[in-house]
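Novice: I have a structure here, written as structure tokens, and I will follow up with some questions on it.
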Amino acid sequence: LMKSRSAALESRRAVLLGVGSENVVQYLHDKAMEVFPEQTSTMRASTFMQVQDHLSTEGVFLMSDARVAGFPIRYASQGFVEHFGFCPADIVGKKCGDVIGGSFIVSHMESLANLATTVGLPLEETQARVVFLTGKAAEACQVMMASPGKRVGVALLVNRKKSGAMFVCECLVLCLRHPTLNFTYCIGFQRDITRDVPLRRLLAAATSDEDYAALMKSRSAALESRRAVLLGVGSENVVQYLHDKAMEVFPEQTSTMRAS
């Protein structure tokens with residue numbers, strides 16, 4: 001009797017274990033996360049601690065749409081909201097640099113003047129150095145987009161809080177392709193390193209590729225530790241945490257996949 005059902009059974013087995021079965025398995029994993037919430041909350045809590053301890057300051061990160069020019073922000077972590085002072089409505093749908101980065105600073109005279117006073121440089125020279133750092137941020141984005149899921153882009157930047165206060169941000173950016181939804185999104189992890197690298201030191205290095213590279217080299221040990229959390233041994237939970245968050249942040253992609 002079972003032999004008479006062999007063709008039909010093989011077809012059903014292939015849906016679960018054959019080529020192209022990843023979406024079905026991911027669907028079951030997603031359903032399991034709903035059915036076993038106690039396991040989900042435990043995993044997410046421990047994984048978030050990894051994100052908090054190694055990647056950012058107090059879990060500070062942004063999730064953006066990698067398919068749209070400028071990578072508009074789709075999600076800001078609670079840590080970002082608390083650290084930067086912006087509520088999600090202030091930033092969602094906008095480009096990161098236009099809110100907290102160099103693009104905002106150089107286009108708002110008050111912010112630029114405050115930074116120039118803080119670092120003790122003329123206004124025009126301060127502007128030129130912020131533009132230099134903005135270019136380094138663009139290079140970091142090019143690195144992450146060239147190899148989704150394989151290379152982390154890194155940049156040292158001047159960032160601003162909603163209060164107007166400015167600090168040195170060590171930013172890691174990573175582009176990921178969701179394994180089942182098949183779309184790309186990017187993550188930016190921000191860490192305030194002003195105690196280690198004051199604004200004056202960062203702006204002093206923002207004059208040439210050589211000086212900037214030397215400053216980056218001085219951060220190599222810390223950066224390698226942060227990279228390892230994303231791409232090293234044991235990084236699977238962190239990446240899965242990000243994929244799960246992406247399913248919440250991009251519901252239009254989730255609903256399309258589930259429908260199919």
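In the structure tokens, the first chain shown is A, the next is B, and so on; residue numbers restart at 1 for each chain, and ligands run from 1 in the order shown.
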Please provide as a PDB file with C-alpha atoms, in the first residue's frame all residues within 9 Å of range 141-144 of chain A, with the sequence filter that same-chain residues fewer than 4 positions apart are discarded (counting only C-alpha atoms).

Specialist:
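The resulting file, result.pdb, is reproduced below:
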```
ATOM      1  CA  LYS A 136      34.424  57.801   4.058  1.00  0.00           C
ATOM      2  CA  ALA A 137      30.901  56.837   5.102  1.00  0.00           C
ATOM      3  CA  PRO A 148      26.187  41.284   1.021  1.00  0.00           C
ATOM      4  CA  GLY A 149      26.581  39.207   4.148  1.00  0.00           C
ATOM      5  CA  LYS A 150      30.333  38.846   3.693  1.00  0.00           C
ATOM      6  CA  ARG A 151      31.979  42.220   4.365  1.00  0.00           C
ATOM      7  CA  VAL A 152      31.354  44.868   6.993  1.00  0.00           C
ATOM      8  CA  GLY A 153      31.934  48.516   6.125  1.00  0.00           C
ATOM      9  CA  VAL A 154      33.432  50.715   8.827  1.00  0.00           C
ATOM     10  CA  VAL A 173      27.381  48.827   8.225  1.00  0.00           C
ATOM     11  CA  LEU A 174      26.299  45.462   6.886  1.00  0.00           C
ATOM     12  CA  CYS A 175      24.070  44.491   3.975  1.00  0.00           C
ATOM     13  CA  LEU A 176      22.124  41.249   4.356  1.00  0.00           C
ATOM     14  CA  CYS A 186      21.203  47.094   5.593  1.00  0.00           C
TER      15      CYS A 186
END
```

Novice: Calculate how many Å separate CA of Val60 in chain A from CA of Ala76 in chain A, rounding to one decimal.

Specialist: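 Spanning CA of Val60 in chain A to CA of Ala76 in chain A is a straight-line distance of 8.0 Å.
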
Novice: Between CA of Leu181 in chain A and CA of Leu242 in chain A, measure the distance and give it in Å to one decimal.

Specialist: 13.0 Å

Novice: Skipping near chain neighbours, those fewer than 6 positions away, what residues fall within 10 Å of Arg219 in chain A using only C-alpha atoms, listed as a ChimeraX atom specification?

Specialist: /A:156,170,196-197,213

Novice: Could you pull the residues within 10 Å of Met63 in chain A, counting only C-alpha atoms, minus those fewer than 2 positions along the same chain, as a VMD selection string?

Specialist: chain A and resid 61 65 to 66 71 to 77 92 173 to 175 185 to 189 242 245 to 246 249

Novice: Go through range 26-212 of chain A and collect every residue that DSSP, computed from the backbone, puts in strand (DSSP E); the answer should be as an MDAnalysis selection string.

Specialist: chainID A and resid 61:65 73:76 153:160 166:177 184:192

Novice: Go ahead and save the picked residues with C-alpha atoms, as a PDB file, in the first residue's frame.

Specialist:
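File produced: out_8.pdb:
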```pdb
ATOM      1  CA  PHE A  61      21.247  50.488  15.399  1.00  0.00           C
ATOM      2  CA  LEU A  62      19.244  51.458  12.330  1.00  0.00           C
ATOM      3  CA  MET A  63      17.712  49.197   9.694  1.00  0.00           C
ATOM      4  CA  SER A  64      17.396  50.592   6.174  1.00  0.00           C
ATOM      5  CA  ASP A  65      16.133  49.564   2.759  1.00  0.00           C
ATOM      6  CA  ILE A  73      15.618  54.327   7.373  1.00  0.00           C
ATOM      7  CA  ARG A  74      12.863  51.824   8.088  1.00  0.00           C
ATOM      8  CA  TYR A  75      13.533  51.063  11.757  1.00  0.00           C
ATOM      9  CA  ALA A  76      15.334  52.650  14.706  1.00  0.00           C
ATOM     10  CA  GLY A 153      31.934  48.516   6.125  1.00  0.00           C
ATOM     11  CA  VAL A 154      33.432  50.715   8.827  1.00  0.00           C
ATOM     12  CA  ALA A 155      33.651  54.474   9.217  1.00  0.00           C
ATOM     13  CA  LEU A 156      34.463  57.032  11.903  1.00  0.00           C
ATOM     14  CA  LEU A 157      32.031  59.920  11.714  1.00  0.00           C
ATOM     15  CA  VAL A 158      30.735  62.994  13.439  1.00  0.00           C
ATOM     16  CA  ASN A 159      27.147  62.338  14.515  1.00  0.00           C
ATOM     17  CA  ARG A 160      24.662  64.633  16.218  1.00  0.00           C
ATOM     18  CA  MET A 166      27.959  66.036  18.645  1.00  0.00           C
ATOM     19  CA  PHE A 167      30.152  62.992  19.182  1.00  0.00           C
ATOM     20  CA  VAL A 168      32.496  60.602  17.393  1.00  0.00           C
ATOM     21  CA  CYS A 169      30.604  57.603  16.068  1.00  0.00           C
ATOM     22  CA  GLU A 170      32.254  54.342  15.122  1.00  0.00           C
ATOM     23  CA  CYS A 171      29.772  52.955  12.623  1.00  0.00           C
ATOM     24  CA  LEU A 172      29.617  49.425  11.240  1.00  0.00           C
ATOM     25  CA  VAL A 173      27.381  48.827   8.225  1.00  0.00           C
ATOM     26  CA  LEU A 174      26.299  45.462   6.886  1.00  0.00           C
ATOM     27  CA  CYS A 175      24.070  44.491   3.975  1.00  0.00           C
ATOM     28  CA  LEU A 176      22.124  41.249   4.356  1.00  0.00           C
ATOM     29  CA  ARG A 177      19.966  39.281   1.975  1.00  0.00           C
ATOM     30  CA  THR A 184      18.341  43.092   0.769  1.00  0.00           C
ATOM     31  CA  TYR A 185      18.393  45.403   3.745  1.00  0.00           C
ATOM     32  CA  CYS A 186      21.203  47.094   5.593  1.00  0.00           C
ATOM     33  CA  ILE A 187      22.065  47.657   9.233  1.00  0.00           C
ATOM     34  CA  GLY A 188      24.077  50.482  10.740  1.00  0.00           C
ATOM     35  CA  PHE A 189      25.460  49.935  14.247  1.00  0.00           C
ATOM     36  CA  GLN A 190      26.489  53.138  16.017  1.00  0.00           C
ATOM     37  CA  ARG A 191      28.902  53.303  18.944  1.00  0.00           C
ATOM     38  CA  ASP A 192      29.936  56.487  20.736  1.00  0.00           C
TER      39      ASP A 192
END
```

Novice: Tell me, in Å to one decimal, how far CA of Pro122 in chain A is from CA of Asp209 in chain A.

Specialist: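 Distance reported for this atom pair: 21.0 Å.
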
Novice: Mind listing the alpha helix (DSSP H) residues of range 49-213 of chain A, per DSSP on the backbone, as a ChimeraX atom specification?

Specialist: /A:49-50,78-84,88-91,96-99,102-107,109-119,123-146,199-205,209-213

Novice: Kindly indicate which residue among A:Ser147, A:Thr126, A:Ser218, A:Ser225 lies nearest to Leu112 in chain A, using only C-alpha atoms for the distances.

Specialist: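 The closest residue to Leu112 in chain A is A:Thr126.
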